[in-house]
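Everything on this sheet refers to the single structure shown next.
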Amino acid sequence: MPASMPLNHIPPEIRCALDYETLAPQFIAAPTLAYIAGGSGHDQTVAANRAAYARWAITPRLLRDVSAGHTAITLAGIAMAHPLMLGPVAFHNLVHPGGEHETVRGAAALDCPIIASTQSSCTLEQLARSAGPQRWFQMYLQPQRADTLDLLRRAEAAGYSAIVLTLDAPIQVASLRTLAAQFQLPAHCVPVNLAGYTPAQESAVAPGASRILQGVMAAAPNWDELRWLLTQTRLPVWAKGVMHGDDALALQAAGVAGIIVSNHGGRSLDGAPATLDVLPAIRAAVGKDLPIVFDGGVRSGADVFKALALGANAVAIGRLQLYALAVAGALGVAHMLKLLREELEICMALAGCAHIDHIRATALFHQREHH
Ligand code: FNR
């Protein structure tokens with residue numbers, strides 16, 4: 001069945017945010033969907049991210065007055081209408097001809113900050129012109145410091161208000177699902193932001209040496225690179241891909257503005273734990289003050305509530321934004337965010353939480369696993 005073009009209305013099948021994922025196969029060609037939905041390796045971590053939510057339940061509370069309630073938060077000094085962001089996701093033109101321009105219009109309509117991916121289908125300057133005021137820029141440390149600096153200066157000049165450094169993908173891991181679907185990036189999906197920069201080069205290794213460790217990883221960034229980058233900008237720098245309390249502590253000591261607890265949506269180390277499962281220990285390690293954005297498997301307002309209750313300050317949406325974009329462009333993205341927000345508000349109403357701070361102080365009910 002060929003994939004349908006994006007609609008200019010919301011189809012009646014969409015009743016909750018998760019429905020965008022359910023409907024996506026009608027709007028995204030099967031090989032492309034394999035690339036988007038799939039993770040690395042055998043998709044173990046993709047599955048783990050989703051499964052983790054079912055182990056926690058939200059306890060209803062009675063007779064509390066939430067009539068003055070709201071979802072507004074302040075995240076590292078930034079006022080936000082709700083604790084939702086759009087996380088960095090490559091090549092939106094895979095699913096919609098308008099690409100990121102559509103996505104960011106939908107986000108702006110819901111006052112939702114976006115994190116633009118380095119691997120976007122348009123340049124960061126073009127994207128900035130379509131985006132709302134709350135825009136952050138995601139980047140990777142480039143093999144050449146001059147290129148990293150150039151990217152940074154461009155992001156500053158284009159008015160991005162924070163830098164997100166993604167640290168968890170120094171090596172590309174194949175997705176078996178994507179390979180089986182014979183997906184190839186189409187010719188119009190090129191990382192235009194990186195045009196003219198020096199790509200990572202695999203070092204030649206001696207016979208018998210490791211191609212991965214000594215070859216590919218020879219160009220991978222290290223703590224010195226991170227510390228150097230932190231001296232190069234006055235913008236707040238967030239570290240994305242944190243999965244261990246000790247890394248979180250070291251990043252905090254290095255001076256990051258905040259961390260993003262993420263396993264790249266299960267697209268880097270297959271077999272990594274669910275992000276929801278590591279979140280409480282990371283929050284305990286860094287204490288209450290370091291801002292934590294969380295992502296991985298968020299598909300409903302209840303998922304958002306659980307992540308906030310387990311220690312996140314805000315939540316980033318990955319795949320769901322592409323599914324909503326594929327179904328109904330900017331309108332779909334805005335609608336998906338509205339649904340998520342209302343689903344979150346319903347949880348707040350029934351759990352007796354008038355404010356996001358109350359969620360953070362709410363203990364979840366841990367369900368026993370049934371085998
Ligand atoms: C990603 N992600 C990602 N992360 C990043 O830092 N830079 C990037 O360019 C991309 N690109 C990208 C493409 C696609 C197709 C996906 C699905 C994901 C990871 C993303 O920011 C986020 O961590 C996860 O997507 C969160 O999990 P969910 O919400 O997709 O389950």
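How things are named: the first chain in the structure tokens is A, the next is B, and so on; residues count from 1 in each chain; ligands count from 1 in the order shown.
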
### Task
Fewer than 2 positions away in the same chain doesn't count, so skip those; otherwise give me all residues within 8 Å of stretch 160-162 of chain A, counting only C-alpha atoms, as a list in words.
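After dropping sequence-adjacent residues, the list is Ala128, Gln134, Arg135, Trp136, Phe137, Ala155, Glu156, Ala157, Ala158, Val164, Leu235, Pro236, Val237 and Trp238 of chain A.
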
### Query
Could you name the residues that touch stretch 144-154 of chain A at 10 Å or less, counting only C-alpha atoms, but leaving out those on the same chain fewer than 5 positions away, as a ChimeraX atom specification?
/A:118,124-125,137-139,159-160,163,193-194,196-200,219,225,228-229,232-233,235

Would you mind listing what lies within 7 Å of stretch 270-285 of chain A as a PDB file with N, CA and C atoms, in the first residue's frame, with only C-alpha atoms counted and same-chain residues fewer than 6 positions away left out?
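Wrote part.pdb, looks like this:
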```
ATOM      1  N   SER A  40      18.792   0.340  17.248  1.00  0.00           N
ATOM      2  CA  SER A  40      19.984  -0.348  16.792  1.00  0.00           C
ATOM      3  C   SER A  40      19.835  -1.847  17.087  1.00  0.00           C
ATOM      4  N   GLY A  41      20.633  -2.631  16.416  1.00  0.00           N
ATOM      5  CA  GLY A  41      20.658  -4.067  16.687  1.00  0.00           C
ATOM      6  C   GLY A  41      19.280  -4.682  16.631  1.00  0.00           C
ATOM      7  N   HIS A  42      18.929  -5.398  17.699  1.00  0.00           N
ATOM      8  CA  HIS A  42      17.674  -6.165  17.726  1.00  0.00           C
ATOM      9  C   HIS A  42      16.507  -5.409  18.362  1.00  0.00           C
ATOM     10  N   ASP A  43      16.627  -4.112  18.506  1.00  0.00           N
ATOM     11  CA  ASP A  43      15.537  -3.290  19.078  1.00  0.00           C
ATOM     12  C   ASP A  43      15.225  -3.633  20.534  1.00  0.00           C
ATOM     13  N   GLN A  44      16.184  -4.191  21.263  1.00  0.00           N
ATOM     14  CA  GLN A  44      15.898  -4.533  22.664  1.00  0.00           C
ATOM     15  C   GLN A  44      15.633  -3.289  23.501  1.00  0.00           C
ATOM     16  N   THR A  45      16.414  -2.246  23.256  1.00  0.00           N
ATOM     17  CA  THR A  45      16.272  -1.041  24.074  1.00  0.00           C
ATOM     18  C   THR A  45      15.035  -0.246  23.672  1.00  0.00           C
ATOM     19  N   ALA A  48      12.473  -1.961  25.587  1.00  0.00           N
ATOM     20  CA  ALA A  48      12.628  -1.703  27.031  1.00  0.00           C
ATOM     21  C   ALA A  48      12.104  -0.321  27.399  1.00  0.00           C
ATOM     22  N   ASN A  49      12.395   0.669  26.553  1.00  0.00           N
ATOM     23  CA  ASN A  49      11.931   2.036  26.846  1.00  0.00           C
ATOM     24  C   ASN A  49      10.419   2.073  27.025  1.00  0.00           C
ATOM     25  N   ALA A  52       8.933  -0.064  30.230  1.00  0.00           N
ATOM     26  CA  ALA A  52       9.196   0.447  31.581  1.00  0.00           C
ATOM     27  C   ALA A  52       7.982   1.184  32.166  1.00  0.00           C
ATOM     28  N   MET A 243      23.064   8.184  30.964  1.00  0.00           N
ATOM     29  CA  MET A 243      22.383   6.967  31.429  1.00  0.00           C
ATOM     30  C   MET A 243      22.980   6.453  32.741  1.00  0.00           C
ATOM     31  N   HIS A 244      23.947   7.176  33.313  1.00  0.00           N
ATOM     32  CA  HIS A 244      24.582   6.703  34.546  1.00  0.00           C
ATOM     33  C   HIS A 244      24.799   7.880  35.484  1.00  0.00           C
ATOM     34  N   GLY A 245      24.544   7.652  36.766  1.00  0.00           N
ATOM     35  CA  GLY A 245      24.689   8.715  37.752  1.00  0.00           C
ATOM     36  C   GLY A 245      26.099   9.293  37.805  1.00  0.00           C
ATOM     37  N   ALA A 248      26.516  11.665  35.028  1.00  0.00           N
ATOM     38  CA  ALA A 248      25.733  12.866  35.327  1.00  0.00           C
ATOM     39  C   ALA A 248      26.490  13.766  36.291  1.00  0.00           C
ATOM     40  N   LEU A 249      27.093  13.165  37.324  1.00  0.00           N
ATOM     41  CA  LEU A 249      27.860  13.945  38.299  1.00  0.00           C
ATOM     42  C   LEU A 249      29.069  14.605  37.661  1.00  0.00           C
ATOM     43  N   VAL A 261      18.559  12.823  29.962  1.00  0.00           N
ATOM     44  CA  VAL A 261      18.595  11.375  30.170  1.00  0.00           C
ATOM     45  C   VAL A 261      17.961  10.736  28.940  1.00  0.00           C
ATOM     46  N   SER A 262      18.773   9.975  28.224  1.00  0.00           N
ATOM     47  CA  SER A 262      18.331   9.450  26.930  1.00  0.00           C
ATOM     48  C   SER A 262      19.233   8.294  26.537  1.00  0.00           C
ATOM     49  N   ASN A 263      18.663   7.311  25.836  1.00  0.00           N
ATOM     50  CA  ASN A 263      19.505   6.298  25.197  1.00  0.00           C
ATOM     51  C   ASN A 263      19.321   6.372  23.676  1.00  0.00           C
ATOM     52  N   GLY A 296      12.564   9.041  25.652  1.00  0.00           N
ATOM     53  CA  GLY A 296      12.587   7.597  25.427  1.00  0.00           C
ATOM     54  C   GLY A 296      11.226   6.979  25.627  1.00  0.00           C
ATOM     55  N   ALA A 307       7.486  10.151  34.093  1.00  0.00           N
ATOM     56  CA  ALA A 307       8.876  10.636  34.002  1.00  0.00           C
ATOM     57  C   ALA A 307       9.096  11.812  34.945  1.00  0.00           C
ATOM     58  N   LEU A 310       9.378  10.579  38.463  1.00  0.00           N
ATOM     59  CA  LEU A 310      10.604   9.838  38.754  1.00  0.00           C
ATOM     60  C   LEU A 310      11.858  10.713  38.641  1.00  0.00           C
ATOM     61  N   GLY A 311      11.667  12.022  38.449  1.00  0.00           N
ATOM     62  CA  GLY A 311      12.832  12.899  38.573  1.00  0.00           C
ATOM     63  C   GLY A 311      13.104  13.858  37.433  1.00  0.00           C
TER      64      GLY A 311
END
```

### Message
Can you measure atom CA of A:Gly99 to atom CA of A:Arg267 for me? One decimal in Å is fine.
### Response
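For atom CA of A:Gly99 relative to atom CA of A:Arg267, the distance reads 21.4 Å.
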
Residues of chain A at most 9 Å from ligand 1: nearest atom pair and distance in Å, only C-alpha atoms and all ligand atoms, as JSON lines:
```
{"residue": "A:Leu33", "atom": "CA", "partner": "ligand 1", "partner_atom_place_in_ligand_line": "15 (C)", "distance": 8.8}
{"residue": "A:Tyr35", "atom": "CA", "partner": "ligand 1", "partner_atom_place_in_ligand_line": "15 (C)", "distance": 6.5}
{"residue": "A:Ile36", "atom": "CA", "partner": "ligand 1", "partner_atom_place_in_ligand_line": "15 (C)", "distance": 4.1}
{"residue": "A:Ala37", "atom": "CA", "partner": "ligand 1", "partner_atom_place_in_ligand_line": "17 (C)", "distance": 6.1}
{"residue": "A:Gly38", "atom": "CA", "partner": "ligand 1", "partner_atom_place_in_ligand_line": "17 (C)", "distance": 7.4}
{"residue": "A:Gly39", "atom": "CA", "partner": "ligand 1", "partner_atom_place_in_ligand_line": "17 (C)", "distance": 7.7}
{"residue": "A:Val46", "atom": "CA", "partner": "ligand 1", "partner_atom_place_in_ligand_line": "31 (O)", "distance": 7.1}
{"residue": "A:Asn49", "atom": "CA", "partner": "ligand 1", "partner_atom_place_in_ligand_line": "31 (O)", "distance": 7.1}
{"residue": "A:Arg50", "atom": "CA", "partner": "ligand 1", "partner_atom_place_in_ligand_line": "31 (O)", "distance": 7.6}
{"residue": "A:Leu86", "atom": "CA", "partner": "ligand 1", "partner_atom_place_in_ligand_line": "21 (O)", "distance": 8.3}
{"residue": "A:Gly87", "atom": "CA", "partner": "ligand 1", "partner_atom_place_in_ligand_line": "21 (O)", "distance": 4.7}
{"residue": "A:Pro88", "atom": "CA", "partner": "ligand 1", "partner_atom_place_in_ligand_line": "21 (O)", "distance": 4.2}
{"residue": "A:Val89", "atom": "CA", "partner": "ligand 1", "partner_atom_place_in_ligand_line": "11 (N)", "distance": 3.6}
{"residue": "A:Ala90", "atom": "CA", "partner": "ligand 1", "partner_atom_place_in_ligand_line": "11 (N)", "distance": 4.1}
{"residue": "A:Phe91", "atom": "CA", "partner": "ligand 1", "partner_atom_place_in_ligand_line": "13 (C)", "distance": 7.3}
{"residue": "A:His92", "atom": "CA", "partner": "ligand 1", "partner_atom_place_in_ligand_line": "15 (C)", "distance": 8.4}
{"residue": "A:Ile115", "atom": "CA", "partner": "ligand 1", "partner_atom_place_in_ligand_line": "21 (O)", "distance": 8.4}
{"residue": "A:Ala116", "atom": "CA", "partner": "ligand 1", "partner_atom_place_in_ligand_line": "9 (O)", "distance": 8.2}
{"residue": "A:Ser117", "atom": "CA", "partner": "ligand 1", "partner_atom_place_in_ligand_line": "9 (O)", "distance": 4.7}
{"residue": "A:Thr118", "atom": "CA", "partner": "ligand 1", "partner_atom_place_in_ligand_line": "9 (O)", "distance": 5.9}
{"residue": "A:Gln119", "atom": "CA", "partner": "ligand 1", "partner_atom_place_in_ligand_line": "9 (O)", "distance": 5.0}
{"residue": "A:Ser120", "atom": "CA", "partner": "ligand 1", "partner_atom_place_in_ligand_line": "9 (O)", "distance": 7.2}
{"residue": "A:Gln138", "atom": "CA", "partner": "ligand 1", "partner_atom_place_in_ligand_line": "6 (O)", "distance": 6.2}
{"residue": "A:Met139", "atom": "CA", "partner": "ligand 1", "partner_atom_place_in_ligand_line": "6 (O)", "distance": 7.2}
{"residue": "A:Tyr140", "atom": "CA", "partner": "ligand 1", "partner_atom_place_in_ligand_line": "6 (O)", "distance": 7.9}
{"residue": "A:Val164", "atom": "CA", "partner": "ligand 1", "partner_atom_place_in_ligand_line": "6 (O)", "distance": 7.8}
{"residue": "A:Leu165", "atom": "CA", "partner": "ligand 1", "partner_atom_place_in_ligand_line": "6 (O)", "distance": 7.4}
{"residue": "A:Thr166", "atom": "CA", "partner": "ligand 1", "partner_atom_place_in_ligand_line": "6 (O)", "distance": 4.9}
{"residue": "A:Leu167", "atom": "CA", "partner": "ligand 1", "partner_atom_place_in_ligand_line": "6 (O)", "distance": 8.0}
{"residue": "A:Asp168", "atom": "CA", "partner": "ligand 1", "partner_atom_place_in_ligand_line": "6 (O)", "distance": 8.2}
{"residue": "A:Ala169", "atom": "CA", "partner": "ligand 1", "partner_atom_place_in_ligand_line": "6 (O)", "distance": 8.2}
{"residue": "A:Lys240", "atom": "CA", "partner": "ligand 1", "partner_atom_place_in_ligand_line": "6 (O)", "distance": 6.8}
{"residue": "A:Gly241", "atom": "CA", "partner": "ligand 1", "partner_atom_place_in_ligand_line": "23 (O)", "distance": 7.5}
{"residue": "A:Ile260", "atom": "CA", "partner": "ligand 1", "partner_atom_place_in_ligand_line": "23 (O)", "distance": 8.6}
{"residue": "A:Val261", "atom": "CA", "partner": "ligand 1", "partner_atom_place_in_ligand_line": "23 (O)", "distance": 8.5}
{"residue": "A:Ser262", "atom": "CA", "partner": "ligand 1", "partner_atom_place_in_ligand_line": "23 (O)", "distance": 5.5}
{"residue": "A:Asn263", "atom": "CA", "partner": "ligand 1", "partner_atom_place_in_ligand_line": "23 (O)", "distance": 6.2}
{"residue": "A:His264", "atom": "CA", "partner": "ligand 1", "partner_atom_place_in_ligand_line": "23 (O)", "distance": 3.7}
{"residue": "A:Gly265", "atom": "CA", "partner": "ligand 1", "partner_atom_place_in_ligand_line": "27 (O)", "distance": 3.5}
{"residue": "A:Gly266", "atom": "CA", "partner": "ligand 1", "partner_atom_place_in_ligand_line": "27 (O)", "distance": 7.1}
{"residue": "A:Arg267", "atom": "CA", "partner": "ligand 1", "partner_atom_place_in_ligand_line": "18 (C)", "distance": 7.1}
{"residue": "A:Phe294", "atom": "CA", "partner": "ligand 1", "partner_atom_place_in_ligand_line": "26 (C)", "distance": 8.5}
{"residue": "A:Asp295", "atom": "CA", "partner": "ligand 1", "partner_atom_place_in_ligand_line": "26 (C)", "distance": 4.8}
{"residue": "A:Gly296", "atom": "CA", "partner": "ligand 1", "partner_atom_place_in_ligand_line": "27 (O)", "distance": 3.5}
{"residue": "A:Gly297", "atom": "CA", "partner": "ligand 1", "partner_atom_place_in_ligand_line": "31 (O)", "distance": 3.3}
{"residue": "A:Val298", "atom": "CA", "partner": "ligand 1", "partner_atom_place_in_ligand_line": "29 (O)", "distance": 5.2}
{"residue": "A:Arg299", "atom": "CA", "partner": "ligand 1", "partner_atom_place_in_ligand_line": "29 (O)", "distance": 7.2}
{"residue": "A:Ala316", "atom": "CA", "partner": "ligand 1", "partner_atom_place_in_ligand_line": "29 (O)", "distance": 6.9}
{"residue": "A:Ile317", "atom": "CA", "partner": "ligand 1", "partner_atom_place_in_ligand_line": "29 (O)", "distance": 4.6}
{"residue": "A:Gly318", "atom": "CA", "partner": "ligand 1", "partner_atom_place_in_ligand_line": "29 (O)", "distance": 3.4}
{"residue": "A:Arg319", "atom": "CA", "partner": "ligand 1", "partner_atom_place_in_ligand_line": "30 (O)", "distance": 3.7}
{"residue": "A:Leu320", "atom": "CA", "partner": "ligand 1", "partner_atom_place_in_ligand_line": "29 (O)", "distance": 6.3}
{"residue": "A:Gln321", "atom": "CA", "partner": "ligand 1", "partner_atom_place_in_ligand_line": "29 (O)", "distance": 8.4}
{"residue": "A:Leu322", "atom": "CA", "partner": "ligand 1", "partner_atom_place_in_ligand_line": "15 (C)", "distance": 7.9}
```

Stretch 259-330 of chain A near stretch 1-18 of chain A within 10 Å: what's each residue's closest atom pair and its distance in Å to one decimal, counting only C-alpha atoms, ordered by chain then ascending residue number, as a tab-separated table?
```
residue	atom	partner	partner_atom	distance
A:Val298	CA	A:Leu18	CA	9.0
A:Arg299	CA	A:Leu18	CA	5.3
A:Ser300	CA	A:Ala17	CA	5.9
A:Gly301	CA	A:Ala17	CA	8.2
A:Leu320	CA	A:Leu18	CA	7.7
A:Gln321	CA	A:Ala17	CA	9.9
A:Tyr323	CA	A:Leu18	CA	9.5
A:Ala324	CA	A:Ala17	CA	8.6
A:Leu325	CA	A:Pro6	CA	7.6
A:Ala326	CA	A:Pro6	CA	5.5
A:Val327	CA	A:Pro6	CA	4.9
A:Ala328	CA	A:Leu7	CA	4.6
A:Gly329	CA	A:Pro6	CA	6.2
A:Ala330	CA	A:Asn8	CA	8.9
```

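You can rank A:Gln172, A:Asn313, A:Thr32, A:Thr103 by their closest distance to A:Val216 using only C-alpha atoms, and at the top of that list sits A:Gln172.
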